[in-house]
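Quick look at my_file-v8.pdb (PDB, C-alpha atoms):
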ATOM      1  CA  MET A   1      21.025  12.221 -22.713
ATOM      2  CA  ASN A   2      24.470  13.386 -21.574
ATOM      3  CA  GLU A   3      27.126  11.278 -19.831
ATOM      4  CA  THR A   4      25.248  11.519 -16.526
ATOM      5  CA  GLY A   5      22.146   9.941 -18.029
ATOM      6  CA  ARG A   6      20.195  13.183 -17.808
ATOM      7  CA  PRO A   7      18.180  14.744 -20.598
ATOM      8  CA  GLN A   8      20.043  17.486 -22.482
ATOM      9  CA  GLU A   9      17.110  19.761 -23.264
ATOM     10  CA  LEU A  10      16.346  22.841 -21.210
ATOM     11  CA  PRO A  11      14.139  22.257 -18.156
ATOM     12  CA  MET A  12      10.401  22.664 -18.607
ATOM     13  CA  SER A  13       9.622  26.109 -17.231
ATOM     14  CA  ASN A  14       5.998  26.985 -18.021
ATOM     15  CA  PRO A  15       3.641  25.746 -15.257
ATOM     16  CA  ARG A  16       0.647  26.594 -17.465
ATOM     17  CA  ALA A  17       1.741  24.458 -20.401
ATOM     18  CA  ASP A  18      -0.721  21.873 -21.687
ATOM     19  CA  ARG A  19       1.600  18.979 -20.824
ATOM     20  CA  VAL A  20       1.943  20.197 -17.261
ATOM     21  CA  ARG A  21      -1.815  20.523 -16.896
ATOM     22  CA  ASP A  22      -2.285  17.068 -18.385
ATOM     23  CA  VAL A  23      -0.055  15.538 -15.732
ATOM     24  CA  ALA A  24      -1.664  17.589 -12.948
ATOM     25  CA  ARG A  25      -5.104  16.230 -13.866
ATOM     26  CA  LEU A  26      -4.020  12.835 -12.548
ATOM     27  CA  ALA A  27      -4.435  14.240  -9.044
ATOM     28  CA  GLY A  28      -8.175  13.884  -9.725
ATOM     29  CA  ARG A  29      -9.934  10.521  -9.771
ATOM     30  CA  PRO A  30     -11.829  10.975 -13.078
ATOM     31  CA  ALA A  31      -8.592  11.455 -15.021
ATOM     32  CA  ARG A  32      -6.941   8.519 -13.226
ATOM     33  CA  LEU A  33      -9.797   6.171 -14.042
ATOM     34  CA  LYS A  34      -9.985   7.308 -17.649
ATOM     35  CA  ARG A  35      -6.282   6.859 -18.301
ATOM     36  CA  GLY A  36      -5.388   4.068 -15.863
ATOM     37  CA  ARG A  37      -2.500   6.133 -14.533
ATOM     38  CA  PHE A  38      -1.578   7.960 -11.343
ATOM     39  CA  LEU A  39       1.139  10.155  -9.856
ATOM     40  CA  ALA A  40       4.008   9.036  -7.659
ATOM     41  CA  GLU A  41       5.622  12.019  -5.952
ATOM     42  CA  GLY A  42       8.945  12.297  -4.149
ATOM     43  CA  PRO A  43      12.233  10.366  -4.361
ATOM     44  CA  GLN A  44      11.145   7.345  -2.293
ATOM     45  CA  ALA A  45       7.950   6.619  -4.229
ATOM     46  CA  VAL A  46       9.563   7.260  -7.614
ATOM     47  CA  ARG A  47      12.578   5.113  -6.744
ATOM     48  CA  GLU A  48      10.387   2.139  -5.821
ATOM     49  CA  ALA A  49       8.249   2.637  -8.932
ATOM     50  CA  LEU A  50      11.363   2.607 -11.119
ATOM     51  CA  VAL A  51      12.725  -0.516  -9.409
ATOM     52  CA  LEU A  52       9.449  -2.325 -10.076
ATOM     53  CA  HIS A  53       9.465  -1.013 -13.641
ATOM     54  CA  ARG A  54      12.922  -2.472 -14.253
ATOM     55  CA  GLU A  55      11.982  -5.806 -12.697
ATOM     56  CA  ARG A  56       8.901  -6.123 -14.860
ATOM     57  CA  THR A  57      10.488  -5.086 -18.125
ATOM     58  CA  ALA A  58      13.445  -7.410 -17.478
ATOM     59  CA  SER A  59      11.002 -10.325 -17.240
ATOM     60  CA  GLY A  60       9.132  -9.264 -20.373
ATOM     61  CA  GLU A  61       6.139  -7.757 -18.580
ATOM     62  CA  PRO A  62       4.726  -4.289 -19.261
ATOM     63  CA  GLY A  63       6.497  -1.558 -17.349
ATOM     64  CA  VAL A  64       5.012   0.639 -14.642
ATOM     65  CA  VAL A  65       6.533   4.092 -15.195
ATOM     66  CA  HIS A  66       5.675   6.139 -18.293
ATOM     67  CA  GLU A  67       7.368   9.461 -17.591
ATOM     68  CA  VAL A  68       9.531  11.049 -14.924
ATOM     69  CA  PHE A  69       9.820  14.807 -14.348
ATOM     70  CA  ALA A  70      12.657  15.932 -12.081
ATOM     71  CA  SER A  71      14.527  19.046 -11.061
ATOM     72  CA  GLU A  72      18.252  19.346 -11.637
ATOM     73  CA  SER A  73      18.804  19.798  -7.906
ATOM     74  CA  CYS A  74      16.980  16.542  -7.167
ATOM     75  CA  LEU A  75      19.129  14.619  -9.641
ATOM     76  CA  ASP A  76      22.253  16.291  -8.247
ATOM     77  CA  ARG A  77      21.267  15.108  -4.779
ATOM     78  CA  LEU A  78      20.128  11.624  -5.863
ATOM     79  CA  PRO A  79      22.006  10.733  -9.072
ATOM     80  CA  GLU A  80      20.968   7.077  -8.848
ATOM     81  CA  LEU A  81      17.436   8.069  -9.869
ATOM     82  CA  ALA A  82      18.612   9.009 -13.351
ATOM     83  CA  GLY A  83      20.258   5.595 -13.661
ATOM     84  CA  LEU A  84      17.093   3.800 -12.564
ATOM     85  CA  ALA A  85      15.142   5.821 -15.131
ATOM     86  CA  ASP A  86      17.244   4.489 -18.015
ATOM     87  CA  GLY A  87      14.794   3.598 -20.769
ATOM     88  CA  VAL A  88      12.028   5.766 -19.296
ATOM     89  CA  ALA A  89      11.147   9.225 -20.614
ATOM     90  CA  LEU A  90      12.936  11.583 -18.212
ATOM     91  CA  ARG A  91      12.334  15.337 -18.448
ATOM     92  CA  LEU A  92      13.938  18.115 -16.487
ATOM     93  CA  ALA A  93      11.504  20.605 -14.946
ATOM     94  CA  ASN A  94      11.896  23.621 -12.728
ATOM     95  CA  ASP A  95      10.322  23.924  -9.297
ATOM     96  CA  ASP A  96       7.312  25.904 -10.531
ATOM     97  CA  VAL A  97       6.427  23.193 -13.048
ATOM     98  CA  LEU A  98       6.827  20.428 -10.500
ATOM     99  CA  ALA A  99       4.660  22.351  -8.035
ATOM    100  CA  ALA A 100       1.961  22.675 -10.705
ATOM    101  CA  MET A 101       2.103  18.943 -11.448
ATOM    102  CA  ALA A 102       2.261  17.669  -7.893
ATOM    103  CA  ASP A 103      -0.479  17.465  -5.296
ATOM    104  CA  THR A 104       1.762  18.705  -2.471
ATOM    105  CA  VAL A 105       2.426  22.351  -1.635
ATOM    106  CA  ASN A 106       6.172  21.673  -1.424
ATOM    107  CA  PRO A 107       7.053  18.942  -3.952
ATOM    108  CA  GLN A 108      10.269  17.001  -3.420
ATOM    109  CA  GLY A 109      11.742  17.576  -6.856
ATOM    110  CA  ILE A 110      10.479  14.550  -8.757
ATOM    111  CA  VAL A 111       7.172  13.211 -10.098
ATOM    112  CA  ALA A 112       6.445  10.044 -12.066
ATOM    113  CA  VAL A 113       3.420   9.074 -14.149
ATOM    114  CA  CYS A 114       2.687   5.414 -13.429
ATOM    115  CA  SER A 115       0.269   2.747 -14.592
ATOM    116  CA  PHE A 116      -2.176   1.251 -12.106
ATOM    117  CA  VAL A 117      -0.531  -1.656 -10.301
ATOM    118  CA  ASP A 118      -3.499  -3.406  -8.658
ATOM    119  CA  VAL A 119      -4.113  -7.087  -9.347
ATOM    120  CA  SER A 120      -7.069  -9.468  -9.254
ATOM    121  CA  LEU A 121      -8.238 -11.179  -6.074
ATOM    122  CA  GLU A 122      -7.925 -14.549  -7.793
ATOM    123  CA  SER A 123      -4.235 -14.009  -8.566
ATOM    124  CA  VAL A 124      -3.548 -13.197  -4.917
ATOM    125  CA  LEU A 125      -5.391 -16.220  -3.542
ATOM    126  CA  ASP A 126      -3.961 -18.591  -6.141
ATOM    127  CA  ALA A 127      -0.461 -17.661  -4.925
ATOM    128  CA  GLY A 128      -1.144 -19.246  -1.534
ATOM    129  CA  PRO A 129      -0.911 -16.194   0.740
ATOM    130  CA  ARG A 130      -0.276 -16.563   4.459
ATOM    131  CA  LEU A 131      -1.047 -13.007   5.582
ATOM    132  CA  ILE A 132      -3.525 -10.554   4.055
ATOM    133  CA  ALA A 133      -4.610  -7.116   5.289
ATOM    134  CA  VAL A 134      -8.187  -6.241   4.337
ATOM    135  CA  MET A 135      -9.468  -2.660   4.624
ATOM    136  CA  CYS A 136     -13.250  -2.501   4.918
ATOM    137  CA  GLN A 137     -14.772   0.915   4.216
ATOM    138  CA  VAL A 138     -11.546   2.723   5.059
ATOM    139  CA  ARG A 139     -12.159   6.232   3.743
ATOM    140  CA  ASP A 140      -9.115   8.300   4.685
ATOM    141  CA  PRO A 141      -6.286   8.164   2.126
ATOM    142  CA  GLY A 142      -3.614   8.729   4.752
ATOM    143  CA  ASN A 143      -4.899   5.841   6.857
ATOM    144  CA  ALA A 144      -5.154   3.544   3.854
ATOM    145  CA  GLY A 145      -1.580   4.312   2.853
ATOM    146  CA  THR A 146      -0.353   3.774   6.408
ATOM    147  CA  VAL A 147      -2.036   0.358   6.670
ATOM    148  CA  LEU A 148      -0.556  -0.673   3.327
ATOM    149  CA  ARG A 149       2.897   0.407   4.485
ATOM    150  CA  ALA A 150       2.460  -1.522   7.758
ATOM    151  CA  ALA A 151       1.392  -4.624   5.816
ATOM    152  CA  ASP A 152       4.498  -4.341   3.666
ATOM    153  CA  ALA A 153       6.738  -3.975   6.719
ATOM    154  CA  ALA A 154       5.119  -7.005   8.374
ATOM    155  CA  GLY A 155       5.766  -9.122   5.301
ATOM    156  CA  ALA A 156       2.115  -9.509   4.327
ATOM    157  CA  ASP A 157       1.440 -11.168   1.000
ATOM    158  CA  ALA A 158      -1.274  -8.756  -0.136
ATOM    159  CA  VAL A 159      -3.539  -5.859   0.774
ATOM    160  CA  VAL A 160      -7.218  -5.815  -0.180
ATOM    161  CA  LEU A 161      -9.521  -2.772  -0.172
ATOM    162  CA  THR A 162     -13.277  -3.233  -0.365
ATOM    163  CA  ALA A 163     -15.416  -1.476  -2.945
ATOM    164  CA  SER A 164     -16.419   1.247  -0.468
ATOM    165  CA  SER A 165     -12.873   2.121   0.547
ATOM    166  CA  VAL A 166     -10.778   5.073  -0.597
ATOM    167  CA  ASP A 167      -8.989   5.143  -3.950
ATOM    168  CA  ILE A 168      -5.459   3.959  -3.139
ATOM    169  CA  TYR A 169      -4.188   6.009  -6.105
ATOM    170  CA  ASN A 170      -5.244   9.227  -4.379
ATOM    171  CA  PRO A 171      -2.003  11.280  -4.185
ATOM    172  CA  LYS A 172      -2.158  11.438  -0.382
ATOM    173  CA  ALA A 173      -2.631   7.680  -0.157
ATOM    174  CA  VAL A 174       0.286   7.063  -2.519
ATOM    175  CA  ARG A 175       2.535   9.352  -0.454
ATOM    176  CA  SER A 176       1.474   7.648   2.764
ATOM    177  CA  THR A 177       2.578   4.255   1.451
ATOM    178  CA  ALA A 178       6.160   5.602   1.192
ATOM    179  CA  GLY A 179       6.790   3.381  -1.837
ATOM    180  CA  SER A 180       5.164   0.256  -0.405
ATOM    181  CA  LEU A 181       2.436   0.463  -3.047
ATOM    182  CA  PHE A 182       5.048  -0.914  -5.453
ATOM    183  CA  HIS A 183       6.152  -3.779  -3.180
ATOM    184  CA  LEU A 184       3.186  -6.092  -2.689
ATOM    185  CA  PRO A 185       0.001  -7.057  -4.526
ATOM    186  CA  VAL A 186      -2.973  -4.752  -3.964
ATOM    187  CA  VAL A 187      -6.572  -5.691  -4.760
ATOM    188  CA  LEU A 188      -9.186  -2.964  -5.173
ATOM    189  CA  GLY A 189     -12.979  -2.992  -5.106
ATOM    190  CA  ALA A 190     -13.368  -6.378  -3.414
ATOM    191  CA  ASP A 191     -16.650  -7.663  -2.051
ATOM    192  CA  VAL A 192     -15.878  -8.636   1.526
ATOM    193  CA  GLU A 193     -18.351 -11.528   1.618
ATOM    194  CA  GLU A 194     -16.886 -13.025  -1.548
ATOM    195  CA  LEU A 195     -13.368 -12.487  -0.237
ATOM    196  CA  VAL A 196     -14.109 -14.259   3.049
ATOM    197  CA  ALA A 197     -15.807 -17.166   1.290
ATOM    198  CA  LEU A 198     -12.855 -17.647  -1.056
ATOM    199  CA  CYS A 199     -10.388 -17.395   1.825
ATOM    200  CA  LYS A 200     -12.218 -20.023   3.852
ATOM    201  CA  GLU A 201     -12.294 -22.356   0.840
ATOM    202  CA  ARG A 202      -8.501 -22.149   0.847
ATOM    203  CA  GLY A 203      -8.076 -22.622   4.587
ATOM    204  CA  ILE A 204      -7.302 -18.985   5.359
ATOM    205  CA  GLY A 205      -8.628 -17.911   8.744
ATOM    206  CA  ILE A 206     -10.467 -14.612   9.216
ATOM    207  CA  LEU A 207      -9.683 -12.358  12.173
ATOM    208  CA  ALA A 208     -11.495  -9.076  12.782
ATOM    209  CA  ALA A 209      -9.706  -6.285  14.611
ATOM    210  CA  ASP A 210     -12.366  -5.073  17.038
ATOM    211  CA  GLY A 211     -11.985  -3.024  20.199
ATOM    212  CA  TYR A 212     -14.814  -5.017  21.767
ATOM    213  CA  GLY A 213     -13.535  -8.398  20.632
ATOM    214  CA  THR A 214     -13.747 -11.395  22.899
ATOM    215  CA  LEU A 215     -10.149 -12.424  22.243
ATOM    216  CA  ASN A 216      -7.322 -10.366  23.718
ATOM    217  CA  LEU A 217      -4.409 -10.146  21.268
ATOM    218  CA  ASP A 218      -1.737 -10.211  23.979
ATOM    219  CA  LYS A 219      -3.294 -13.264  25.601
ATOM    220  CA  LEU A 220      -3.629 -14.934  22.235
ATOM    221  CA  GLN A 221       0.072 -14.369  21.535
ATOM    222  CA  ASP A 222       0.991 -15.785  24.951
ATOM    223  CA  GLU A 223      -1.144 -18.862  24.311
ATOM    224  CA  ASN A 224       0.502 -19.409  20.950
ATOM    225  CA  ALA A 225       3.974 -19.061  22.442
ATOM    226  CA  ALA A 226       3.123 -21.601  25.155
ATOM    227  CA  ARG A 227       1.759 -24.029  22.583
ATOM    228  CA  ARG A 228       4.902 -23.780  20.482
ATOM    229  CA  LEU A 229       6.930 -24.611  23.597
ATOM    230  CA  GLY A 230       5.005 -27.855  23.986
ATOM    231  CA  ALA A 231       1.921 -26.959  25.985
ATOM    232  CA  SER A 232      -1.464 -28.351  24.980
ATOM    233  CA  ALA A 233      -2.863 -27.131  21.661
ATOM    234  CA  ALA A 234      -6.153 -26.552  23.450
ATOM    235  CA  LEU A 235      -4.579 -23.563  25.195
ATOM    236  CA  SER A 236      -4.752 -21.505  21.988
ATOM    237  CA  ALA A 237      -8.085 -20.190  20.694
ATOM    238  CA  TYR A 238      -6.512 -19.485  17.290
ATOM    239  CA  ALA A 239      -3.166 -20.477  15.775
ATOM    240  CA  LEU A 240      -1.593 -17.177  14.782
ATOM    241  CA  GLU A 241       0.892 -18.918  12.516
ATOM    242  CA  ALA A 242      -1.955 -20.151  10.317
ATOM    243  CA  PRO A 243      -2.750 -18.386   7.025
ATOM    244  CA  THR A 244      -4.805 -15.367   8.076
ATOM    245  CA  ALA A 245      -6.722 -12.452   6.623
ATOM    246  CA  TRP A 246      -7.158  -9.563   9.061
ATOM    247  CA  LEU A 247     -10.212  -7.334   8.636
ATOM    248  CA  PHE A 248      -9.756  -3.658   9.546
ATOM    249  CA  GLY A 249     -12.736  -1.335   9.651
ATOM    250  CA  ASN A 250     -13.762   2.232   9.055
ATOM    251  CA  GLU A 251     -11.896   4.888  11.044
ATOM    252  CA  ALA A 252     -14.976   6.148  12.906
ATOM    253  CA  GLN A 253     -17.375   3.183  13.075
ATOM    254  CA  GLY A 254     -14.981   0.246  12.891
ATOM    255  CA  LEU A 255     -16.242  -2.937  11.273
ATOM    256  CA  SER A 256     -19.979  -3.243  10.685
ATOM    257  CA  ASP A 257     -22.014  -5.988  12.342
ATOM    258  CA  SER A 258     -22.212  -7.869   9.050
ATOM    259  CA  GLU A 259     -18.444  -7.647   8.583
ATOM    260  CA  LEU A 260     -17.795  -8.799  12.140
ATOM    261  CA  ALA A 261     -20.114 -11.754  11.599
ATOM    262  CA  LEU A 262     -17.874 -12.982   8.777
ATOM    263  CA  ALA A 263     -14.854 -13.412  11.052
ATOM    264  CA  ASP A 264     -13.803 -16.578  12.819
ATOM    265  CA  HIS A 265     -12.802 -14.461  15.825
ATOM    266  CA  ARG A 266     -13.029 -10.849  16.945
ATOM    267  CA  VAL A 267      -9.695  -9.756  18.392
ATOM    268  CA  ALA A 268      -9.100  -6.720  20.608
ATOM    269  CA  VAL A 269      -5.756  -4.966  20.981
ATOM    270  CA  PRO A 270      -5.511  -4.216  24.717
ATOM    271  CA  VAL A 271      -5.116  -0.607  25.827
ATOM    272  CA  TYR A 272      -3.187  -0.336  29.094
ATOM    273  CA  GLY A 273      -3.114   3.435  29.393
ATOM    274  CA  SER A 274      -5.806   6.102  29.369
ATOM    275  CA  ALA A 275      -6.296   6.372  25.614
ATOM    276  CA  GLU A 276      -9.811   5.559  24.496
ATOM    277  CA  SER A 277      -8.559   3.472  21.575
ATOM    278  CA  LEU A 278      -5.807   3.037  19.006
ATOM    279  CA  ASN A 279      -5.985   4.650  15.594
ATOM    280  CA  LEU A 280      -6.435   2.446  12.553
ATOM    281  CA  GLY A 281      -2.814   2.448  11.425
ATOM    282  CA  THR A 282      -1.449   1.559  14.861
ATOM    283  CA  ALA A 283      -4.008  -1.190  15.472
ATOM    284  CA  ALA A 284      -3.357  -2.709  12.051
ATOM    285  CA  THR A 285       0.391  -2.665  12.644
ATOM    286  CA  VAL A 286       0.086  -4.454  15.999
ATOM    287  CA  CYS A 287      -2.271  -7.103  14.593
ATOM    288  CA  LEU A 288      -0.257  -7.797  11.458
ATOM    289  CA  TYR A 289       2.993  -8.064  13.392
ATOM    290  CA  ALA A 290       1.393 -10.510  15.832
ATOM    291  CA  SER A 291       0.620 -12.840  12.928
ATOM    292  CA  ALA A 292       3.938 -12.176  11.208
ATOM    293  CA  ARG A 293       5.945 -12.985  14.321
ATOM    294  CA  SER A 294       4.113 -16.275  14.837
ATOM    295  CA  GLN A 295       4.450 -17.211  11.181
ATOM    296  CA  GLN A 296       8.151 -16.412  11.168
ATOM    297  CA  GLY A 297       8.625 -18.454  14.347
ATOM    298  CA  ALA A 298       6.768 -21.407  12.860
ATOM    299  CA  SER A 299       8.855 -21.292   9.683
ATOM    300  CA  ARG A 300      12.046 -21.472  11.766
ATOM    301  CA  GLY A 301      10.678 -24.466  13.614
TER     302      GLY A 301
END

Show me, as structure tokens, the structure contained in the file I just sent.
Amino acid sequence: MNETGRPQELPMSNPRADRVRDVARLAGRPARLKRGRFLAEGPQAVREALVLHRERTASGEPGVVHEVFASESCLDRLPELAGLADGVALRLANDDVLAAMADTVNPQGIVAVCSFVDVSLESVLDAGPRLIAVMCQVRDPGNAGTVLRAADAAGADAVVLTASSVDIYNPKAVRSTAGSLFHLPVVLGADVEELVALCKERGIGILAADGYGTLNLDKLQDENAARRLGASAALSAYALEAPTAWLFGNEAQGLSDSELALADHRVAVPVYGSAESLNLGTAATVCLYASARSQQGASRG
């Protein structure tokens, strides 16, 4: 390393080199599962991965980031990334090499090889969560990443994907999280019936986001606001400030009948315009923020 914290060797320049191909294989699921590693691409994702890496290693836990490959222009533009990568293998690479490694057509100058970061369902529930986003049979990586990012923004305690949902380590899914994958616990491969049973044992309510739901989310929020102002508790069909797991369904079919039957209530986000419905990411954002706002209000008294 020189005084800037950058590696001194010449940048990697052969996009057909074995090491480059080895990294590129992580764009495919078989290689990810075999090695327990995935790719984080772009400054935002790599920055958040490195921050988590430093936090974990400082507390004596295993790190998250194994290697970082970056262009000189990227490090010129964002010199703090080299500082965050202190203690991590950092290699310079030219644009052709980074393009060969990355899943995107136009990579953003930096790629990191990271360990899987998912956790067990038991560890999430034992921590006493108040807000959980559950994706049931969500198949599109972009949608899955968007819901995870929305959950992070809403202050959710965890995100759970069922066994039939997309691989969250898919490069498109990772990009769609915009770094949020490294911010909150993520559980993969959950059985939704087991999840619901364990949640109910711990007093966590189950709400299903459903366009045909009998509860209107806006009305439910109004009822909760009135109750907090001193109106009768009977006015509210469900206390939004209570610990809650929201179920979000498949992009095309929504939640199945069996999944809907697991919920305490089916909640519809009202559509006031001419749109047929909301997409998954938007609906999840509205629902999670409804709970988050009530929970934040309750915590302030």

Let me have the centre and edge lengths in Å, one decimal, of the box along x, y and z around every listed atom of segment 72-85 of chain A with 8 Å of margin on each side, as lines of an AutoDock Vina configuration file.
center_x = 18.7
center_y = 11.8
center_z = -10.0
size_x = 23.1
size_y = 32.0
size_z = 26.4

Review point. Got a sec to resolve the PyMOL selection byres ((chain A and resi 292) around 9) on this structure and send the residues as number ranges by chain?
Key: A: 131, 154-156, 240-241, 287-291, 293-297

Next, the residues of the selection above should be written as a PDB file, in the frame of the given file with C-alpha atoms.
ATOM      1  CA  LEU A 131      -1.047 -13.007   5.582  1.00  0.00           C
ATOM      2  CA  ALA A 154       5.119  -7.005   8.374  1.00  0.00           C
ATOM      3  CA  GLY A 155       5.766  -9.122   5.301  1.00  0.00           C
ATOM      4  CA  ALA A 156       2.115  -9.509   4.327  1.00  0.00           C
ATOM      5  CA  LEU A 240      -1.593 -17.177  14.782  1.00  0.00           C
ATOM      6  CA  GLU A 241       0.892 -18.918  12.516  1.00  0.00           C
ATOM      7  CA  CYS A 287      -2.271  -7.103  14.593  1.00  0.00           C
ATOM      8  CA  LEU A 288      -0.257  -7.797  11.458  1.00  0.00           C
ATOM      9  CA  TYR A 289       2.993  -8.064  13.392  1.00  0.00           C
ATOM     10  CA  ALA A 290       1.393 -10.510  15.832  1.00  0.00           C
ATOM     11  CA  SER A 291       0.620 -12.840  12.928  1.00  0.00           C
ATOM     12  CA  ARG A 293       5.945 -12.985  14.321  1.00  0.00           C
ATOM     13  CA  SER A 294       4.113 -16.275  14.837  1.00  0.00           C
ATOM     14  CA  GLN A 295       4.450 -17.211  11.181  1.00  0.00           C
ATOM     15  CA  GLN A 296       8.151 -16.412  11.168  1.00  0.00           C
ATOM     16  CA  GLY A 297       8.625 -18.454  14.347  1.00  0.00           C
TER      17      GLY A 297
END

Point to revise | Evaluate the PyMOL selection byres ((chain A and resi 213) around 12) and report residues as JSON, numbers by chain | key: {"A": [207, 208, 209, 210, 211, 212, 214, 215, 216, 217, 220, 254, 255, 260, 261, 263, 264, 265, 266, 267, 268, 269, 270]}

Practice item. Determine the residue membership of the PyMOL selection byres ((chain A and resi 22) around 12) for the file above and supply it as a PyMOL selection string. Key: chain A and resi 15-21+23-28+31-32+35+37-39+97+100-102+113

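Protein, DNA and RNA residues at most 8 Å from (-10.2, -13.0, -6.3), with only C-alpha atoms, are these: Ser120, Leu121, Glu122, Ser123, Val124, Leu125, Ala190, Leu195 and Leu198 of chain A.
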
All residues 12 Å or closer to Arg77 of chain A, all atoms listed in the file, same chain fewer than 3 positions away omitted, as a PDB file with C-alpha atoms, keeping the file's coordinate frame:
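Done, and the output landed in around-v9.pdb:
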ATOM      1  CA  PRO A  43      12.233  10.366  -4.361  1.00  0.00           C
ATOM      2  CA  ALA A  70      12.657  15.932 -12.081  1.00  0.00           C
ATOM      3  CA  SER A  71      14.527  19.046 -11.061  1.00  0.00           C
ATOM      4  CA  GLU A  72      18.252  19.346 -11.637  1.00  0.00           C
ATOM      5  CA  SER A  73      18.804  19.798  -7.906  1.00  0.00           C
ATOM      6  CA  CYS A  74      16.980  16.542  -7.167  1.00  0.00           C
ATOM      7  CA  GLU A  80      20.968   7.077  -8.848  1.00  0.00           C
ATOM      8  CA  LEU A  81      17.436   8.069  -9.869  1.00  0.00           C
ATOM      9  CA  ALA A  82      18.612   9.009 -13.351  1.00  0.00           C
ATOM     10  CA  GLN A 108      10.269  17.001  -3.420  1.00  0.00           C
ATOM     11  CA  GLY A 109      11.742  17.576  -6.856  1.00  0.00           C
ATOM     12  CA  ILE A 110      10.479  14.550  -8.757  1.00  0.00           C
TER      13      ILE A 110
END

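Here atom CA of Arg139 of chain A stands at a distance of 15.7 Å from atom CA of Val187 of chain A.
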
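The closest residue to Tyr272 of chain A, picked from A:Arg228, A:Asp218, A:Val186, A:Asp86 and counting only C-alpha atoms, is A:Asp218.
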
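Atom CA of Val160 of chain A to atom CA of Val138 of chain A spans 10.9 Å [interatomic distance, one decimal].
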
Point to revise | Nearest to His53 of chain A, chosen from A:Glu67, A:Glu259, A:Glu41, A:Glu9, with all atoms listed in the file counted in the distances | key: A:Glu67
